[in-house]
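Chemist: Structure supplied as data22.cif; contents: mmCIF, C-alpha atoms.
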data_protein
loop_
_atom_site.label_atom_id
_atom_site.label_comp_id
_atom_site.auth_asym_id
_atom_site.auth_seq_id
_atom_site.Cartn_x
_atom_site.Cartn_y
_atom_site.Cartn_z
CA MET A 140 18.44 14.51 3.80
CA ARG A 141 16.06 17.16 2.38
CA PRO A 142 14.31 15.72 -0.68
CA LYS A 143 12.42 17.82 -3.16
CA HIS A 144 8.70 17.60 -2.49
CA LYS A 145 5.60 19.55 -3.39
CA SER A 146 2.04 19.67 -2.06
CA HIS A 147 -0.92 19.99 -4.43
CA THR A 148 -4.34 21.15 -3.24
CA LEU A 149 -7.24 19.46 -5.02
CA PRO A 150 -10.37 21.52 -4.20
CA ALA A 151 -13.39 19.46 -3.13
CA PHE A 152 -11.53 16.18 -3.64
CA PRO A 153 -10.66 14.25 -0.45
CA VAL A 154 -8.19 11.54 -1.52
CA TYR A 155 -8.55 7.96 -0.25
CA SER A 156 -6.68 5.76 -2.73
CA CYS A 157 -4.03 5.92 -5.45
CA ALA A 158 -2.10 3.75 -7.90
CA PHE A 159 0.58 4.27 -10.55
CA LEU A 160 -0.07 3.05 -14.10
CA THR A 161 3.32 4.21 -15.39
CA PRO A 162 6.26 5.89 -13.63
CA ASN A 163 4.63 9.27 -14.33
CA GLN A 164 0.91 8.44 -14.61
CA LEU A 165 -1.13 8.39 -11.40
CA VAL A 166 -4.75 7.52 -10.66
CA LEU A 167 -6.41 9.03 -7.59
CA GLY A 168 -9.67 7.93 -6.00
CA GLY A 169 -11.66 10.28 -3.81
CA GLY A 170 -14.74 12.36 -3.14
CA GLY A 171 -17.32 13.02 -0.47
CA GLY A 172 -18.41 9.42 -0.06
CA ALA A 173 -22.01 8.24 0.14
CA SER A 174 -23.03 11.17 2.34
CA LYS A 175 -25.00 14.05 0.83
CA SER A 176 -22.08 16.46 1.05
CA GLY A 177 -22.34 17.71 -2.51
CA ILE A 178 -18.76 16.55 -3.20
CA LYS A 179 -18.69 14.25 -6.20
CA ASN A 180 -16.91 10.89 -6.12
CA LYS A 181 -14.40 10.41 -8.93
CA LEU A 182 -11.39 8.68 -10.34
CA ARG A 183 -8.81 11.15 -11.63
CA LEU A 184 -5.90 10.51 -13.97
CA TYR A 185 -2.83 12.74 -13.66
CA ASP A 186 0.48 13.05 -15.45
CA LEU A 187 3.39 13.78 -13.08
CA SER A 188 6.56 15.62 -14.05
CA ASP A 189 10.06 15.27 -12.69
CA ASP A 190 9.70 18.67 -11.01
CA CYS A 191 6.74 17.26 -8.99
CA SER A 192 4.12 19.21 -10.97
CA ILE A 193 0.85 17.54 -12.03
CA GLU A 194 -1.53 17.78 -14.98
CA LEU A 195 -5.10 16.45 -14.94
CA LYS A 196 -5.70 14.25 -18.01
CA ASP A 197 -9.10 12.67 -17.32
CA GLU A 198 -11.68 12.06 -14.63
CA TYR A 199 -14.39 9.45 -14.28
CA GLU A 200 -17.40 10.61 -12.26
CA LEU A 201 -19.28 7.97 -10.30
CA GLU A 202 -23.04 7.70 -9.99
CA LYS A 203 -24.67 10.01 -7.47
CA GLY A 204 -25.05 8.23 -4.14
CA GLU A 205 -22.18 5.79 -4.72
CA ASP A 206 -19.23 5.75 -2.35
CA ALA A 207 -15.74 7.12 -3.00
CA PRO A 208 -13.06 4.72 -4.34
CA MET A 209 -11.64 3.55 -1.01
CA SER A 210 -8.96 1.19 -2.34
CA MET A 211 -7.33 0.42 -5.66
CA ALA A 212 -4.59 -1.53 -7.41
CA ALA A 213 -3.18 -1.15 -10.91
CA TYR A 214 -1.50 -3.54 -13.32
CA PRO A 215 0.68 -1.30 -15.52
CA GLU A 216 1.41 -3.91 -18.19
CA SER A 217 -2.23 -3.95 -19.28
CA GLY A 218 -3.30 -0.50 -18.13
CA GLY A 219 -5.83 -2.19 -15.87
CA LEU A 220 -7.23 -0.87 -12.61
CA VAL A 221 -9.34 -2.50 -9.88
CA CYS A 222 -11.17 -0.32 -7.34
CA GLY A 223 -13.41 -0.70 -4.31
CA ILE A 224 -16.55 1.42 -4.75
CA ASN A 225 -19.80 0.74 -2.92
CA SER A 226 -23.02 1.04 -4.90
CA VAL A 227 -25.89 3.34 -3.96
CA LEU A 228 -27.71 2.51 -0.73
CA GLU A 229 -30.77 1.16 -2.53
CA LYS A 230 -28.70 -1.49 -4.30
CA MET A 231 -26.85 -2.39 -1.11
CA GLU A 232 -30.12 -2.93 0.74
CA LYS A 233 -31.17 -5.37 -2.01
CA GLY A 234 -27.88 -7.26 -1.67
CA ASP A 235 -26.69 -6.02 -5.06
CA ASN A 236 -23.62 -4.03 -4.02
CA GLU A 237 -21.30 -3.90 -7.05
CA ASN A 238 -18.35 -3.02 -4.85
CA CYS A 239 -15.60 -4.39 -7.08
CA ARG A 240 -15.01 -2.35 -10.25
CA SER A 241 -12.58 -3.10 -13.06
CA PHE A 242 -11.37 -0.26 -15.32
CA SER A 243 -9.03 0.18 -18.26
CA VAL A 244 -6.95 3.27 -19.00
CA GLU A 245 -6.15 3.76 -22.66
CA ASN A 246 -5.11 6.96 -24.43
CA SER A 247 -5.48 8.81 -21.13
CA LYS A 248 -9.15 7.82 -20.79
CA ILE A 249 -10.66 5.86 -17.90
CA ARG A 250 -13.28 3.31 -18.96
CA LEU A 251 -15.38 0.98 -16.82
CA LEU A 252 -15.06 -2.66 -17.84
CA ALA A 253 -17.00 -4.60 -15.22
CA ALA A 254 -18.58 -4.48 -11.78
CA LYS A 255 -19.37 -7.31 -9.39
CA ASN A 256 -20.30 -8.05 -5.80
CA THR A 257 -17.81 -9.72 -3.45
CA LEU A 258 -18.97 -8.51 -0.02
CA PRO A 259 -21.64 -10.27 2.07
CA SER A 260 -24.98 -8.50 2.14
CA GLY A 261 -26.54 -7.04 5.27
CA ASP A 262 -23.77 -4.81 6.58
CA MET A 263 -24.34 -1.31 5.20
CA ASP A 264 -21.07 -0.10 6.74
CA ASP A 265 -18.85 -2.69 5.08
CA TYR A 266 -16.72 -1.60 2.14
CA GLN A 267 -13.84 -2.88 0.00
CA LYS A 268 -10.89 -1.73 2.09
CA VAL A 269 -8.30 -4.06 0.50
CA THR A 270 -7.52 -4.39 -3.22
CA THR A 271 -4.26 -6.19 -4.06
CA LEU A 272 -3.00 -7.62 -7.36
CA SER A 273 -0.50 -10.46 -7.53
CA PRO A 274 2.93 -9.59 -9.00
CA ASP A 275 2.20 -11.50 -12.23
CA GLY A 276 -1.19 -9.83 -12.61
CA THR A 277 -3.23 -13.05 -12.68
CA LEU A 278 -4.92 -12.79 -9.26
CA VAL A 279 -6.58 -10.07 -7.24
CA ALA A 280 -7.47 -10.20 -3.53
CA ILE A 281 -10.57 -8.23 -2.54
CA ALA A 282 -11.52 -7.78 1.11
CA GLY A 283 -13.99 -6.00 3.33
CA ALA A 284 -13.90 -5.98 7.12
CA HIS A 285 -13.99 -9.77 7.59
CA ASP A 286 -14.32 -11.48 4.20
CA LEU A 287 -11.73 -11.86 1.43
CA SER A 288 -12.32 -13.09 -2.12
CA LEU A 289 -9.59 -14.38 -4.41
CA LEU A 290 -10.42 -13.67 -8.04
CA SER A 291 -8.79 -14.41 -11.37
CA TYR A 292 -7.65 -11.25 -13.16
CA PRO A 293 -8.75 -9.74 -15.49
CA SER A 294 -11.82 -11.98 -15.71
CA MET A 295 -12.74 -11.24 -12.05
CA VAL A 296 -14.01 -14.80 -11.63
CA PRO A 297 -13.74 -16.35 -8.11
CA ILE A 298 -11.24 -19.22 -7.98
CA THR A 299 -11.63 -20.21 -4.30
CA LYS A 300 -14.25 -20.00 -1.63
CA THR A 301 -14.42 -16.76 0.33
CA ILE A 302 -12.09 -16.51 3.32
CA HIS A 303 -13.80 -15.38 6.53
CA ALA A 304 -11.62 -13.89 9.27
CA GLU A 305 -12.78 -13.45 12.85
CA ARG A 306 -10.55 -10.41 13.28
CA GLU A 307 -10.80 -7.31 11.10
CA ILE A 308 -8.83 -7.44 7.84
CA TYR A 309 -6.46 -4.57 7.02
CA ASP A 310 -4.16 -5.74 4.23
CA ALA A 311 -3.15 -8.55 1.87
CA SER A 312 0.13 -9.33 0.10
CA PHE A 313 1.16 -11.88 -2.54
CA SER A 314 4.36 -13.79 -3.09
CA SER A 315 4.64 -16.21 -6.02
CA THR A 316 3.33 -19.07 -3.86
CA SER A 317 1.53 -17.51 -0.89
CA LEU A 318 -1.05 -14.96 0.16
CA VAL A 319 -0.69 -13.23 3.54
CA VAL A 320 -3.89 -11.74 4.92
CA THR A 321 -3.31 -9.16 7.65
CA THR A 322 -5.85 -9.01 10.45
CA THR A 323 -5.61 -6.94 13.61
CA HIS A 324 -4.16 -9.79 15.69
CA ASN A 325 -2.80 -12.34 13.20
CA LEU A 326 -1.17 -12.89 9.86
CA LEU A 327 -3.05 -15.61 7.99
CA VAL A 328 -0.74 -17.37 5.52
CA TYR A 329 -2.39 -19.24 2.63
CA ALA A 330 -0.90 -21.36 -0.14
CA LEU A 331 -1.94 -20.17 -3.58
CA PRO A 332 -3.67 -22.82 -5.69
CA VAL A 333 -1.44 -24.71 -8.11
CA GLY A 334 -2.44 -24.24 -11.72
CA LYS A 335 -4.33 -21.03 -11.06
CA SER A 336 -7.60 -20.67 -12.90
CA PRO A 337 -7.09 -18.78 -16.16
CA SER A 338 -9.07 -15.70 -17.11
CA LYS A 339 -12.11 -17.40 -18.59
CA THR A 340 -14.10 -14.29 -19.28
CA SER A 341 -12.82 -11.38 -21.29
CA SER A 342 -13.45 -8.19 -19.37
CA SER A 343 -13.29 -6.07 -22.51
CA ASN A 344 -16.56 -7.14 -24.16
CA LYS A 345 -20.17 -6.48 -23.32
CA LYS A 346 -21.06 -10.12 -22.72
CA GLY A 347 -18.21 -10.45 -20.26
CA LYS A 348 -19.40 -7.39 -18.41
CA LYS A 349 -22.90 -8.79 -18.04
CA LYS A 350 -21.55 -12.07 -16.71
CA LEU A 351 -19.40 -10.29 -14.17
CA GLN A 352 -22.28 -8.18 -12.99
CA ALA A 353 -24.41 -11.24 -12.55
CA SER A 354 -21.71 -13.30 -10.88
CA GLY A 355 -21.72 -11.49 -7.53
CA ASN A 356 -23.99 -14.11 -5.96
CA ASP A 357 -22.59 -17.11 -7.82
CA SER A 358 -22.59 -20.36 -5.90
CA THR A 359 -19.13 -21.27 -4.64
CA GLU A 360 -19.98 -24.88 -3.73
CA GLU A 361 -17.61 -26.31 -6.35
CA LEU A 362 -14.78 -23.90 -5.65
CA PRO A 363 -11.81 -25.18 -3.62
CA ILE A 364 -10.96 -23.92 -0.17
CA LEU A 365 -7.74 -21.95 0.03
CA GLU A 366 -5.26 -23.94 2.13
CA GLN A 367 -4.15 -22.11 5.25
CA GLN A 368 -0.52 -22.92 6.03
CA ARG A 369 -0.12 -21.11 9.33
CA THR A 370 -1.30 -18.35 11.65
CA VAL A 371 1.33 -15.87 12.78
CA ASP A 372 0.78 -14.01 16.04
CA LEU A 373 1.85 -10.50 16.96
CA PRO A 374 5.53 -10.15 17.92
CA SER A 375 6.20 -9.94 21.65
CA SER A 376 8.74 -7.17 21.07
CA THR A 377 6.05 -4.54 20.41
CA GLY A 378 4.38 -5.03 23.78
CA GLU A 379 0.82 -5.26 25.05
CA GLY A 380 -1.97 -3.58 23.12
CA SER A 381 -0.41 -4.17 19.71
CA THR A 382 -2.31 -4.64 16.44
CA PHE A 383 -1.18 -5.34 12.89
CA ARG A 384 -1.93 -2.58 10.38
CA SER A 385 -0.16 -3.76 7.23
CA ALA A 386 2.06 -6.52 5.84
CA ARG A 387 3.98 -6.53 2.56
CA TYR A 388 6.33 -9.02 0.95
CA HIS A 389 9.72 -7.74 -0.21
CA PRO A 390 9.21 -7.45 -4.00
CA GLN A 391 12.61 -9.02 -4.77
CA ASP A 392 12.96 -11.49 -1.89
CA GLN A 393 10.01 -13.67 -0.83
CA LYS A 394 11.84 -14.70 2.34
CA ILE A 395 11.29 -11.19 3.73
CA LEU A 396 8.00 -9.70 4.91
CA TYR A 397 7.53 -6.27 6.48
CA THR A 398 4.74 -5.53 8.94
CA VAL A 399 3.40 -2.39 10.57
CA VAL A 400 2.37 -2.77 14.20
CA ASN A 401 0.51 -0.02 16.06
CA THR A 402 0.48 -0.15 19.84
CA VAL A 403 -1.92 1.35 22.36
CA PRO A 404 -0.86 0.06 25.79
CA PRO A 405 -3.76 -0.41 28.23
CA ARG A 406 -4.26 2.29 30.82
CA THR A 407 -3.35 1.60 34.43
CA ARG A 408 -3.77 3.46 37.68
CA LYS A 409 -0.20 4.70 37.44
CA THR A 410 -0.44 5.84 33.80
CA LYS A 411 -3.47 8.01 33.09
CA SER A 412 -2.79 8.30 29.35
CA ALA A 413 -1.56 5.44 27.17
CA SER A 414 1.53 6.07 25.04
CA ARG A 415 0.80 5.21 21.41
CA GLN A 416 3.67 3.84 19.34
CA ALA A 417 4.25 2.51 15.84
CA PHE A 418 6.73 -0.17 14.82
CA ILE A 419 7.95 -1.67 11.54
CA CYS A 420 9.12 -5.28 11.73
CA LYS A 421 11.15 -7.38 9.31
CA TRP A 422 10.21 -11.08 9.26
CA ASN A 423 11.99 -14.16 7.97
CA THR A 424 9.25 -16.12 6.18
CA ASP A 425 11.17 -19.41 6.39
CA THR A 426 11.00 -19.41 10.18
CA TRP A 427 8.33 -16.72 10.65
CA THR A 428 10.45 -14.96 13.22
CA VAL A 429 11.15 -11.24 13.55
CA GLU A 430 14.71 -10.31 12.58
CA LYS A 431 14.51 -6.55 13.10
CA THR A 432 12.13 -4.08 14.76
CA LYS A 433 12.18 -0.30 14.67
CA LYS A 434 9.99 2.22 16.41
CA VAL A 435 9.05 4.88 13.86
CA GLY A 436 6.77 7.17 15.84
CA ASP A 437 4.60 7.94 18.84
CA ARG A 438 1.39 7.79 16.84
CA GLY A 439 -0.10 5.01 14.75
CA LEU A 440 0.83 4.51 11.10
CA THR A 441 -2.07 4.86 8.65
CA CYS A 442 -0.48 3.72 5.37
CA PHE A 443 2.59 1.80 4.23
CA ASP A 444 4.37 0.77 1.03
CA VAL A 445 7.54 -1.01 -0.08
CA SER A 446 9.35 0.35 -3.13
CA PRO A 447 9.23 -1.96 -6.18
CA ASP A 448 13.01 -2.45 -6.05
CA GLY A 449 12.75 -3.41 -2.37
CA ARG A 450 15.19 -0.76 -1.12
CA PHE A 451 12.86 1.61 0.70
CA LEU A 452 9.92 1.56 3.07
CA GLY A 453 7.45 4.44 2.89
CA TYR A 454 4.93 5.27 5.60
CA GLY A 455 2.31 7.80 6.62
CA SER A 456 1.53 8.54 10.26
CA SER A 457 -1.49 9.86 12.12
CA ASP A 458 0.82 12.62 13.41
CA LEU A 459 0.64 13.96 9.79
CA THR A 460 4.20 12.85 8.98
CA ILE A 461 5.29 10.88 5.93
CA GLY A 462 8.69 9.20 5.90
CA MET A 463 11.03 6.77 4.21
CA LEU A 464 13.40 4.17 5.68
CA ASP A 465 16.22 2.08 4.26
CA ALA A 466 14.62 -1.37 3.92
CA GLN A 467 17.80 -3.19 4.97
CA THR A 468 19.05 -1.13 7.90
CA PHE A 469 15.80 0.68 8.88
CA SER A 470 17.80 3.91 8.91
CA PRO A 471 15.56 6.96 8.44
CA LEU A 472 16.19 8.60 5.06
CA VAL A 473 13.34 11.08 4.64
CA THR A 474 10.97 12.67 7.16
CA ILE A 475 8.43 15.32 6.17
CA LEU A 476 6.62 16.81 9.15
CA LYS A 477 3.04 18.00 8.71
CA ALA A 478 2.89 16.65 5.18
CA HIS A 479 -0.92 16.99 5.33
CA GLU A 480 -3.55 18.69 7.46
CA PHE A 481 -5.26 15.34 8.11
CA PRO A 482 -3.60 11.92 8.52
CA PRO A 483 -2.46 10.36 5.20
CA THR A 484 -4.97 7.90 3.75
CA THR A 485 -2.85 6.46 0.93
CA LEU A 486 0.82 6.25 -0.05
CA LYS A 487 2.55 4.72 -3.07
CA PHE A 488 5.95 4.49 -4.79
CA ASN A 489 6.06 4.59 -8.57
CA SER A 490 7.52 1.64 -10.48
CA THR A 491 10.98 3.20 -10.91
CA THR A 492 11.29 4.29 -7.25
CA THR A 493 11.81 7.90 -8.27
CA LEU A 494 8.58 9.28 -6.82
CA LEU A 495 6.59 8.74 -3.63
CA VAL A 496 3.02 10.06 -3.48
CA SER A 497 0.81 10.46 -0.44
CA GLY A 498 -2.82 11.55 -0.28
CA SER A 499 -5.19 12.70 2.44
CA ALA A 500 -8.80 13.57 3.11
CA ASP A 501 -7.63 17.18 3.46
CA ASN A 502 -8.02 17.55 -0.34
CA SER A 503 -4.32 17.27 -1.08
CA ILE A 504 -1.54 15.05 -2.35
CA ARG A 505 2.17 15.43 -1.77
CA ILE A 506 4.74 14.30 -4.32
CA VAL A 507 8.23 13.44 -3.08
CA ALA A 508 11.14 13.09 -5.49
CA VAL A 509 13.32 10.28 -4.13
CA PRO A 510 16.85 11.81 -3.94
CA SER A 511 19.38 10.22 -6.25
CA VAL A 512 21.89 9.88 -3.40
CA VAL A 513 19.32 7.82 -1.55
CA GLY A 514 18.61 5.86 -4.70
CA GLY A 515 21.78 3.82 -4.13
CA SER A 516 21.80 2.67 -0.52
CA THR A 517 22.67 3.79 2.95
CA TRP A 518 25.77 1.60 2.91
CA GLY A 519 26.87 3.14 -0.34
CA PHE A 520 26.67 6.59 1.22
CA ILE A 521 28.60 5.40 4.28
CA MET A 522 31.32 3.84 2.12
CA LEU A 523 31.70 7.07 0.13
CA PHE A 524 32.00 9.03 3.36
CA LEU A 525 34.63 6.65 4.76
CA LEU A 526 36.56 6.71 1.48
CA ALA A 527 36.56 10.52 1.48
CA LEU A 528 37.73 10.54 5.10
CA LEU A 529 40.54 8.11 4.28
CA CYS A 530 41.67 10.32 1.40
CA VAL A 531 41.79 13.35 3.71
CA LEU A 532 43.85 11.45 6.30
CA LEU A 533 46.29 10.23 3.64
CA ALA A 534 46.66 13.76 2.27
CA VAL A 535 47.41 15.13 5.76
CA ALA A 536 49.93 12.35 6.38
CA TYR A 537 51.64 13.04 3.04
CA GLN A 538 51.96 16.74 3.85
CA GLN A 539 53.47 15.90 7.24
CA TYR A 540 55.91 13.55 5.55
CA GLN A 541 56.95 16.16 2.97
CA SER A 542 57.59 18.74 5.72
CA GLY A 543 59.75 16.29 7.65
CA ASN A 544 57.42 16.09 10.62
CA LEU A 545 56.54 12.51 9.85
CA LYS A 546 58.97 9.67 9.29
CA TRP A 547 57.97 6.33 7.75
#
Please go through the file and, once you have read it, give me the structure as structure tokens.

Modeler:
Amino acid sequence: MRPKHKSHTLPAFPVYSCAFLTPNQLVLGGGGGASKSGIKNKLRLYDLSDDCSIELKDEYELEKGEDAPMSMAAYPESGGLVCGINSVLEKMEKGDNENCRSFSVENSKIRLLAAKNTLPSGDMDDYQKVTTLSPDGTLVAIAGAHDLSLLSYPSMVPITKTIHAEREIYDASFSSTSLVVTTTHNLLVYALPVGKSPSKTSSSNKKGKKKLQASGNDSTEELPILEQQRTVDLPSSTGEGSTFRSARYHPQDQKILYTVVNTVPPRTRKTKSASRQAFICKWNTDTWTVEKTKKVGDRGLTCFDVSPDGRFLGYGSSDLTIGMLDAQTFSPLVTILKAHEFPPTTLKFNSTTTLLVSGSADNSIRIVAVPSVVGGSTWGFIMLFLLALLCVLLAVAYQQYQSGNLKW
């Protein structure tokens, strides 16, 4: 399968995060980071066409010395956007890192609504690496290396005490009743609070913004503790040296969870160099057992996404490849070698599963048009092939019968 795809070079704009606001409206986050590279950190809004072309509509330039937007999530129904952007070093040293930023996008203009602190002070290297909105748009999970905050959206008010993980956090995913936090060695499964706290503070007025900015160090003594239901260990099928990289619920079936597992087997005297591998696993969340595992490469995966209709799995690899699998059979559907010059940093399907976008620190994005033949399913393609083959066989048999070489 050779899908239509197109690479776009974005001069002086390393890309680290992306999110779709509409099927054809994309927000990119990128820049030179907090280093004095001279490359500005920005949010950019693009319109995408069916022919994979792009048009810049707006850009929001961050304050000099702030970090690049390293993670983001969008809620299309409201045009809202939440990003992870570290403040300037001076603010971080004072414990006033406004790392969590809320934006609105209206009439193709990006506007800052609020900023607040969710990360513990003291670690100048920590940043908001995880930003995930719940499917109904009422909750947002914000995480750094070891601490995750659960906030009400769009008010951005904490509704539970901060979760601290001993292992490094890499991802978070919501179902309607649970939150799965992905750490390197475990999946931490939490029950969402019943009667979730409503959005008490409007994020669209000036007073609300001031409250949010001041709420970074709010006391959480009266907040409930999020109930942890279970801890899920790495699957034995991926072997020694495995670590979780990502976990995502199936958008249409909460009994299915997909995980990415990267493996670096330990070196031995017999093997001088360890063979790196990457696996995608399908879990049954009733029993928390692995139902299917597929090796997808000999290098680690760097980004992962599940299409909104739940039919496809998209991934980016450190070998510079981006690909797409059938979510049911794990059959490979699309593979684009050397999609970027550097490993992909972000990857996202649009809401209609017609486009897949990947970005990289090599100052580029690649837009993939999901082929219409793939838009059905692998089984549908197989059935069409078998039906065509049956028609050919019947036609041959009929010709043989007409010529008298075949008797019924």

Chemist: Would you write out, as a short mmCIF file (atom, residue, chain, number, x, y, z; two decimals) with C-alpha atoms, keeping the file's coordinate frame, every residue that the PyMOL selection byres ((chain A and resi 159) around 9) captures in this file?

Modeler:
data_model
loop_
_atom_site.label_atom_id
_atom_site.label_comp_id
_atom_site.auth_asym_id
_atom_site.auth_seq_id
_atom_site.Cartn_x
_atom_site.Cartn_y
_atom_site.Cartn_z
CA CYS A 157 -4.03 5.92 -5.45
CA ALA A 158 -2.10 3.75 -7.90
CA LEU A 160 -0.07 3.05 -14.10
CA THR A 161 3.32 4.21 -15.39
CA PRO A 162 6.26 5.89 -13.63
CA ASN A 163 4.63 9.27 -14.33
CA GLN A 164 0.91 8.44 -14.61
CA LEU A 165 -1.13 8.39 -11.40
CA VAL A 166 -4.75 7.52 -10.66
CA LEU A 167 -6.41 9.03 -7.59
CA ALA A 212 -4.59 -1.53 -7.41
CA ALA A 213 -3.18 -1.15 -10.91
CA TYR A 214 -1.50 -3.54 -13.32
CA PRO A 215 0.68 -1.30 -15.52
CA LYS A 487 2.55 4.72 -3.07
CA PHE A 488 5.95 4.49 -4.79
CA ASN A 489 6.06 4.59 -8.57
CA SER A 490 7.52 1.64 -10.48
#

Chemist: Given the file above and the PyMOL selection byres ((chain A and resi 208) around 8), which residues are selected, and can you give them as JSON, numbers by chain?

Modeler: {"A": [155, 156, 168, 169, 170, 180, 181, 182, 206, 207, 209, 210, 211, 222, 223, 224, 225]}

Chemist: Quick one: which residues end up in the PyMOL selection byres ((chain A and resi 194) around 12) for this structure, as an MDAnalysis selection string?

Modeler: chainID A and resid 147 149 163:166 183:188 190:193 195:198 247

Chemist: Could you jot down the CA of Glu379 in chain A to CA of Val473 in chain A separation for me, Å, one decimal place?

Modeler: 29.0 Å

Chemist: At what distance in Å, to one decimal, does CA of Thr377 in chain A lie from CA of Arg415 in chain A?

Modeler: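 Taking CA of Arg415 in chain A and CA of Thr377 in chain A, their separation equals 11.1 Å.
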
Chemist: Need the shell around range 491-506 of chain A: protein/DNA/RNA residues with any atom at most 7 Å away, counting all atoms listed in the file. Skip same-chain ones fewer than 5 positions apart. Format as a list in words?

Modeler: His144, Lys145, Ser146, His147, Thr148, Leu149, Pro150, Ala151, Phe152, Pro153, Val154, Tyr155, Pro162, Cys191, Ser446, Pro447, His479, Glu480, Phe481, Pro482, Pro483, Thr484, Thr485 and Leu486 of chain A

Chemist: Identify, on the basis of only C-alpha atoms, every residue whose closest approach to Lys203 in chain A does not exceed 9 Å; exclude the query and any residue fewer than 6 positions from it along the same chain; express the result as number ranges by chain.

Modeler: A: 173, 179-180, 227

Chemist: So that I have them on file, write out the residues from the current selection with C-alpha atoms, as a PDB file, in the frame of the given file.

Modeler:
ATOM      1  CA  ALA A 173     -22.010   8.240   0.140  1.00  0.00           C
ATOM      2  CA  LYS A 179     -18.690  14.250  -6.200  1.00  0.00           C
ATOM      3  CA  ASN A 180     -16.910  10.890  -6.120  1.00  0.00           C
ATOM      4  CA  VAL A 227     -25.890   3.340  -3.960  1.00  0.00           C
TER       5      VAL A 227
END

Chemist: Restricting the calculation to only C-alpha atoms: of A:Cys420, A:Leu440, A:Met231, A:Leu220, which residue gets closest to Glu245 in chain A?

Modeler: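 The shortest atom-to-atom distance to Glu245 in chain A comes from A:Leu220.
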
Chemist: Do a neighbour search on Glu237 in chain A at 7 Å with only C-alpha atoms, toss out local chain neighbours closer than 2 positions, and write the hits as number ranges by chain.

Modeler: A: 225-226, 235, 239, 254-256

Chemist: Go ahead and write the selection's residues with C-alpha atoms as a tab-separated table (two decimals), keeping the file's coordinate frame.

Modeler:
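Result saved to again-v1.tsv:
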chain	number	residue	atom	x	y	z
A	225	ASN	CA	-19.80	0.74	-2.92
A	226	SER	CA	-23.02	1.04	-4.90
A	235	ASP	CA	-26.69	-6.02	-5.06
A	239	CYS	CA	-15.60	-4.39	-7.08
A	254	ALA	CA	-18.58	-4.48	-11.78
A	255	LYS	CA	-19.37	-7.31	-9.39
A	256	ASN	CA	-20.30	-8.05	-5.80

Chemist: Ranking A:Ile395, A:Ala282, A:Val296, A:Met263 by minimum distance to Ser241 in chain A and counting all atoms listed in the file, which one comes first?

Modeler: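 Once distances to Ser241 in chain A are computed over all atoms listed in the file, the minimum belongs to A:Val296.
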
Chemist: For the atom pair CA of Gly378 in chain A and CA of Ser414 in chain A, what is the interatomic distance in Å to one decimal place?

Modeler: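 Computing it gives 11.5 Å between the two atoms.
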